[in-house]
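Data block for model-v5.csv (CSV, N, CA and C atoms):
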```
chain,number,residue,atom,x,y,z
A,1,MET,N,0.8,-1.2,0.0
A,1,MET,CA,0.0,0.0,0.0
A,1,MET,C,0.9,1.2,0.0
A,2,ARG,N,0.5,2.2,-0.8
A,2,ARG,CA,1.3,3.4,-1.0
A,2,ARG,C,1.4,4.2,0.3
A,3,GLY,N,0.4,4.3,1.1
A,3,GLY,CA,0.4,5.1,2.4
A,3,GLY,C,1.4,4.5,3.4
A,4,GLU,N,1.8,3.3,3.3
A,4,GLU,CA,2.7,2.7,4.2
A,4,GLU,C,4.1,2.7,3.8
A,5,ALA,N,4.4,3.3,2.6
A,5,ALA,CA,5.8,3.3,2.1
A,5,ALA,C,6.6,4.3,3.0
A,6,ARG,N,7.8,3.9,3.3
A,6,ARG,CA,8.7,4.7,4.1
A,6,ARG,C,9.2,5.8,3.3
A,7,ARG,N,9.3,7.0,3.8
A,7,ARG,CA,9.9,8.1,3.1
A,7,ARG,C,11.2,8.5,3.8
A,8,THR,N,12.2,8.8,2.9
A,8,THR,CA,13.5,9.2,3.5
A,8,THR,C,13.5,10.6,3.9
A,9,GLU,N,14.3,10.9,4.9
A,9,GLU,CA,14.5,12.3,5.3
A,9,GLU,C,16.0,12.6,5.3
A,10,ALA,N,16.2,13.9,5.1
A,10,ALA,CA,17.6,14.3,5.2
A,10,ALA,C,17.6,15.8,5.7
A,11,THR,N,18.7,16.2,6.2
A,11,THR,CA,18.9,17.6,6.6
A,11,THR,C,20.1,18.1,5.9
A,12,CYS,N,20.1,19.4,5.8
A,12,CYS,CA,21.3,20.1,5.2
A,12,CYS,C,21.4,21.5,5.8
A,13,SER,N,22.6,21.9,6.2
A,13,SER,CA,22.8,23.2,6.7
A,13,SER,C,23.2,24.1,5.6
A,14,LEU,N,22.6,25.3,5.5
A,14,LEU,CA,23.0,26.2,4.5
A,14,LEU,C,23.9,27.3,5.1
A,15,PRO,N,25.0,27.5,4.5
A,15,PRO,CA,25.8,28.6,5.0
A,15,PRO,C,25.2,30.0,4.7
A,16,GLY,N,25.6,31.0,5.5
A,16,GLY,CA,25.1,32.4,5.2
A,16,GLY,C,25.3,32.8,3.8
A,17,ARG,N,24.3,33.5,3.3
A,17,ARG,CA,24.3,34.0,1.9
A,17,ARG,C,24.1,32.9,0.8
A,18,SER,N,23.9,31.6,1.3
A,18,SER,CA,23.6,30.6,0.3
A,18,SER,C,22.2,30.8,-0.3
A,19,THR,N,22.0,30.3,-1.5
A,19,THR,CA,20.7,30.4,-2.2
A,19,THR,C,20.2,29.0,-2.5
A,20,LEU,N,19.0,28.8,-2.1
A,20,LEU,CA,18.3,27.5,-2.4
A,20,LEU,C,17.3,27.7,-3.5
A,21,LEU,N,17.3,26.9,-4.5
A,21,LEU,CA,16.3,27.0,-5.6
A,21,LEU,C,15.5,25.7,-5.6
A,22,LEU,N,14.2,25.9,-5.5
A,22,LEU,CA,13.2,24.8,-5.6
A,22,LEU,C,12.4,25.1,-6.8
A,23,TYR,N,12.1,24.1,-7.6
A,23,TYR,CA,11.3,24.3,-8.8
A,23,TYR,C,10.6,23.1,-9.3
A,24,THR,N,9.6,23.3,-10.1
A,24,THR,CA,8.8,22.2,-10.7
A,24,THR,C,9.6,21.7,-11.9
A,25,ASP,N,9.2,20.5,-12.4
A,25,ASP,CA,9.9,19.9,-13.5
A,25,ASP,C,9.8,20.7,-14.8
A,26,GLY,N,8.8,21.6,-14.9
A,26,GLY,CA,8.6,22.4,-16.1
A,26,GLY,C,9.8,23.3,-16.4
A,27,LEU,N,10.5,23.7,-15.3
A,27,LEU,CA,11.6,24.6,-15.5
A,27,LEU,C,12.8,23.9,-16.2
A,28,ALA,N,13.0,22.7,-15.9
A,28,ALA,CA,14.3,22.0,-16.3
A,28,ALA,C,14.0,20.9,-17.3
A,29,GLU,N,12.8,20.4,-17.4
A,29,GLU,CA,12.6,19.2,-18.3
A,29,GLU,C,12.3,19.6,-19.7
A,30,ARG,N,12.9,19.0,-20.7
A,30,ARG,CA,12.7,19.2,-22.1
A,30,ARG,C,12.6,17.9,-22.8
A,31,ARG,N,11.7,17.8,-23.8
A,31,ARG,CA,11.5,16.6,-24.5
A,31,ARG,C,12.8,16.2,-25.2
A,32,ARG,N,13.1,14.9,-25.2
A,32,ARG,CA,14.3,14.3,-25.9
A,32,ARG,C,15.6,14.9,-25.4
A,33,VAL,N,15.7,15.5,-24.2
A,33,VAL,CA,16.9,15.9,-23.5
A,33,VAL,C,16.9,15.4,-22.1
A,34,SER,N,18.1,14.9,-21.7
A,34,SER,CA,18.2,14.4,-20.4
A,34,SER,C,17.9,15.4,-19.3
A,35,ILE,N,17.2,15.0,-18.3
A,35,ILE,CA,16.8,15.9,-17.2
A,35,ILE,C,18.1,16.5,-16.6
A,36,ASP,N,19.2,15.7,-16.6
A,36,ASP,CA,20.5,16.2,-16.0
A,36,ASP,C,20.9,17.5,-16.7
A,37,VAL,N,20.7,17.6,-18.0
A,37,VAL,CA,21.1,18.8,-18.7
A,37,VAL,C,20.3,20.0,-18.2
A,38,GLY,N,19.0,19.8,-18.0
A,38,GLY,CA,18.2,20.9,-17.5
A,38,GLY,C,18.5,21.3,-16.1
A,39,ILE,N,18.8,20.3,-15.2
A,39,ILE,CA,19.2,20.6,-13.9
A,39,ILE,C,20.6,21.4,-13.9
A,40,ALA,N,21.5,21.0,-14.7
A,40,ALA,CA,22.8,21.7,-14.8
A,40,ALA,C,22.6,23.1,-15.3
A,41,ALA,N,21.7,23.3,-16.2
A,41,ALA,CA,21.4,24.7,-16.7
A,41,ALA,C,20.7,25.5,-15.7
A,42,ALA,N,19.9,24.9,-14.8
A,42,ALA,CA,19.3,25.7,-13.7
A,42,ALA,C,20.3,26.1,-12.7
A,43,GLY,N,21.2,25.2,-12.5
A,43,GLY,CA,22.3,25.6,-11.5
A,43,GLY,C,23.2,26.7,-12.1
A,44,ALA,N,23.5,26.6,-13.4
A,44,ALA,CA,24.3,27.6,-14.0
A,44,ALA,C,23.6,29.0,-14.0
A,45,ALA,N,22.3,29.0,-14.3
A,45,ALA,CA,21.5,30.2,-14.3
A,45,ALA,C,21.5,30.8,-12.9
A,46,LEU,N,21.5,30.0,-11.9
A,46,LEU,CA,21.5,30.4,-10.5
A,46,LEU,C,22.9,31.1,-10.2
A,47,GLN,N,23.9,30.4,-10.6
A,47,GLN,CA,25.3,30.9,-10.3
A,47,GLN,C,25.5,32.2,-11.1
A,48,GLN,N,25.0,32.4,-12.3
A,48,GLN,CA,25.2,33.6,-13.0
A,48,GLN,C,24.6,34.8,-12.3
A,49,GLY,N,23.5,34.6,-11.6
A,49,GLY,CA,22.9,35.7,-10.9
A,49,GLY,C,23.1,35.8,-9.5
A,50,GLN,N,24.2,35.1,-9.0
A,50,GLN,CA,24.4,35.0,-7.6
A,50,GLN,C,24.5,36.4,-6.8
A,51,ASP,N,24.9,37.4,-7.5
A,51,ASP,CA,25.0,38.7,-6.9
A,51,ASP,C,23.7,39.6,-7.0
A,52,LEU,N,22.7,39.0,-7.6
A,52,LEU,CA,21.4,39.7,-7.7
A,52,LEU,C,20.6,39.5,-6.5
A,53,GLY,N,19.6,40.4,-6.3
A,53,GLY,CA,18.6,40.1,-5.2
A,53,GLY,C,17.7,39.0,-5.7
A,54,VAL,N,17.0,38.4,-4.8
A,54,VAL,CA,16.2,37.2,-5.1
A,54,VAL,C,15.1,37.4,-6.2
A,55,GLU,N,14.5,38.6,-6.2
A,55,GLU,CA,13.5,38.8,-7.2
A,55,GLU,C,14.1,38.9,-8.6
A,56,ASP,N,15.2,39.6,-8.7
A,56,ASP,CA,15.9,39.7,-10.0
A,56,ASP,C,16.5,38.4,-10.4
A,57,LEU,N,17.0,37.6,-9.4
A,57,LEU,CA,17.5,36.3,-9.7
A,57,LEU,C,16.4,35.4,-10.2
A,58,ALA,N,15.3,35.4,-9.6
A,58,ALA,CA,14.1,34.6,-10.1
A,58,ALA,C,13.8,34.9,-11.5
A,59,THR,N,13.7,36.2,-11.8
A,59,THR,CA,13.4,36.6,-13.2
A,59,THR,C,14.5,36.1,-14.1
A,60,GLY,N,15.8,36.3,-13.7
A,60,GLY,CA,16.9,35.8,-14.6
A,60,GLY,C,16.9,34.3,-14.8
A,61,VAL,N,16.6,33.6,-13.8
A,61,VAL,CA,16.5,32.1,-14.0
A,61,VAL,C,15.4,31.7,-14.9
A,62,MET,N,14.2,32.3,-14.7
A,62,MET,CA,13.1,32.0,-15.6
A,62,MET,C,13.4,32.4,-17.1
A,63,ARG,N,14.0,33.6,-17.3
A,63,ARG,CA,14.3,34.0,-18.7
A,63,ARG,C,15.4,33.1,-19.2
A,64,GLY,N,16.4,32.8,-18.4
A,64,GLY,CA,17.6,32.1,-18.9
A,64,GLY,C,17.2,30.6,-19.3
A,65,MET,N,16.2,30.1,-18.6
A,65,MET,CA,15.8,28.7,-18.8
A,65,MET,C,14.7,28.6,-19.9
A,66,ALA,N,14.1,29.7,-20.3
A,66,ALA,CA,13.0,29.6,-21.2
A,66,ALA,C,13.4,29.1,-22.6
A,67,PRO,N,12.7,28.1,-23.0
A,67,PRO,CA,12.9,27.6,-24.4
A,67,PRO,C,12.6,28.6,-25.4
A,68,PRO,N,13.1,28.6,-26.6
A,68,PRO,CA,12.8,29.6,-27.7
A,68,PRO,C,11.3,29.8,-27.9
A,69,ASP,N,10.6,28.7,-27.9
A,69,ASP,CA,9.1,28.7,-28.1
A,69,ASP,C,8.3,28.8,-26.9
A,70,GLY,N,8.9,29.1,-25.7
A,70,GLY,CA,8.2,29.2,-24.5
A,70,GLY,C,8.1,27.9,-23.8
A,71,TYR,N,7.7,28.0,-22.5
A,71,TYR,CA,7.6,26.7,-21.7
A,71,TYR,C,6.4,25.9,-22.2
A,72,GLU,N,6.6,24.6,-22.2
A,72,GLU,CA,5.5,23.7,-22.6
A,72,GLU,C,4.7,23.2,-21.4
A,73,ASP,N,5.2,23.4,-20.2
A,73,ASP,CA,4.6,23.0,-18.9
A,73,ASP,C,4.6,24.1,-18.0
A,74,ASP,N,3.7,24.0,-17.0
A,74,ASP,CA,3.7,25.0,-15.9
A,74,ASP,C,5.0,25.0,-15.2
A,75,VAL,N,5.4,26.2,-14.8
A,75,VAL,CA,6.7,26.4,-14.1
A,75,VAL,C,6.4,27.2,-12.8
A,76,ALA,N,7.0,26.7,-11.7
A,76,ALA,CA,7.0,27.4,-10.5
A,76,ALA,C,8.4,27.3,-9.9
A,77,LEU,N,8.8,28.4,-9.2
A,77,LEU,CA,10.1,28.3,-8.5
A,77,LEU,C,10.0,29.1,-7.3
A,78,VAL,N,10.8,28.6,-6.3
A,78,VAL,CA,11.0,29.3,-5.0
A,78,VAL,C,12.4,29.5,-4.8
A,79,LEU,N,12.8,30.7,-4.5
A,79,LEU,CA,14.2,31.0,-4.1
A,79,LEU,C,14.3,31.4,-2.6
A,80,PHE,N,15.2,30.9,-1.9
A,80,PHE,CA,15.5,31.3,-0.5
A,80,PHE,C,16.9,31.6,-0.4
A,81,ARG,N,17.2,32.8,0.1
A,81,ARG,CA,18.6,33.2,0.3
A,81,ARG,C,18.7,33.3,1.8
A,82,HIS,N,19.6,32.5,2.3
A,82,HIS,CA,19.9,32.4,3.8
A,82,HIS,C,20.5,33.8,4.1
A,83,PRO,N,20.0,34.4,5.2
A,83,PRO,CA,20.6,35.7,5.6
A,83,PRO,C,22.0,35.6,6.0
A,84,GLU,N,22.8,36.6,5.8
A,84,GLU,CA,24.2,36.7,6.2
A,84,GLU,C,24.2,36.6,7.7
A,85,PRO,N,25.1,35.8,8.3
A,85,PRO,CA,25.2,35.7,9.7
A,85,PRO,C,25.5,37.0,10.4
A,86,SER,N,24.8,37.2,11.5
A,86,SER,CA,25.1,38.5,12.2
A,86,SER,C,26.4,38.4,13.0
A,87,THR,N,27.0,39.5,13.1
A,87,THR,CA,28.3,39.5,13.9
A,87,THR,C,28.2,40.0,15.3
```

Before anything else, please render the file you have as structure tokens.
Amino acid sequence: MRGEARRTEATCSLPGRSTLLLYTDGLAERRRVSIDVGIAAAGAALQQGQDLGVEDLATGVMRGMAPPDGYEDDVALVLFRHPEPST
């Protein structure tokens, strides 16, 4: 039964000023292209805008990942930038 399946858990600590990108498959998935290619492109788009604020970064990622004919699937993304540690 599906409801009884065990789910894995993991934790990860983000250093200050780290950026976490969560997205639906529509951002990175393309027909006849390995999903690994799309994931790598999303990571590269994130790195290219690392000095931008999160709103501008989100816009840059969406534009940078957009196929020439537009997205074929719904796309949603969430960006979280860990605040810089206080001194």

Task: Residues within 6 Å of A:Val78, all atoms listed in the file, excluding chain neighbours under 5 positions, as a PyMOL selection string - done: chain A and resi 20-23

- [ ] Could you check how far atom CA of A:Gln48 sits from atom C of A:Arg63, in Å to one decimal?
- [x] 11.6 Å

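For the pair atom N of A:Gly38 and atom N of A:Pro83, the interatomic distance is 27.4 Å.
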
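Using all atoms listed in the file, the smallest distance between any of A:Leu27, A:Ile35, A:Ala45, A:Leu14 and A:Glu72 comes from A:Leu27.
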
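Distance check against A:Ala40 using only N, CA and C atoms: of A:Met62, A:Val54, A:Ala28, A:Cys12, the minimum falls on A:Ala28.
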
TODO: Could you give me, as a PyMOL selection string, each residue of stretch 23-64 of chain A that DSSP assigns to helix (DSSP H, G or I) when run on this structure's backbone?
DONE: chain A and resi 25-28+35-48+54-64

Task: Selection as a PyMOL selection string: residues within 6.5 Å of (18.8, 33.6, 1.5), counting all atoms listed in the file - done: chain A and resi 17-20+79-83

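Our summary of the geometry notes that atom CA of A:Val75 is positioned 26.5 Å from atom N of A:Arg7.
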
- [ ] Can you check which residues of chain A DSSP gives as strand (DSSP E) on the backbone and send them as a ChimeraX atom specification?
- [x] /A:19-23,77-81
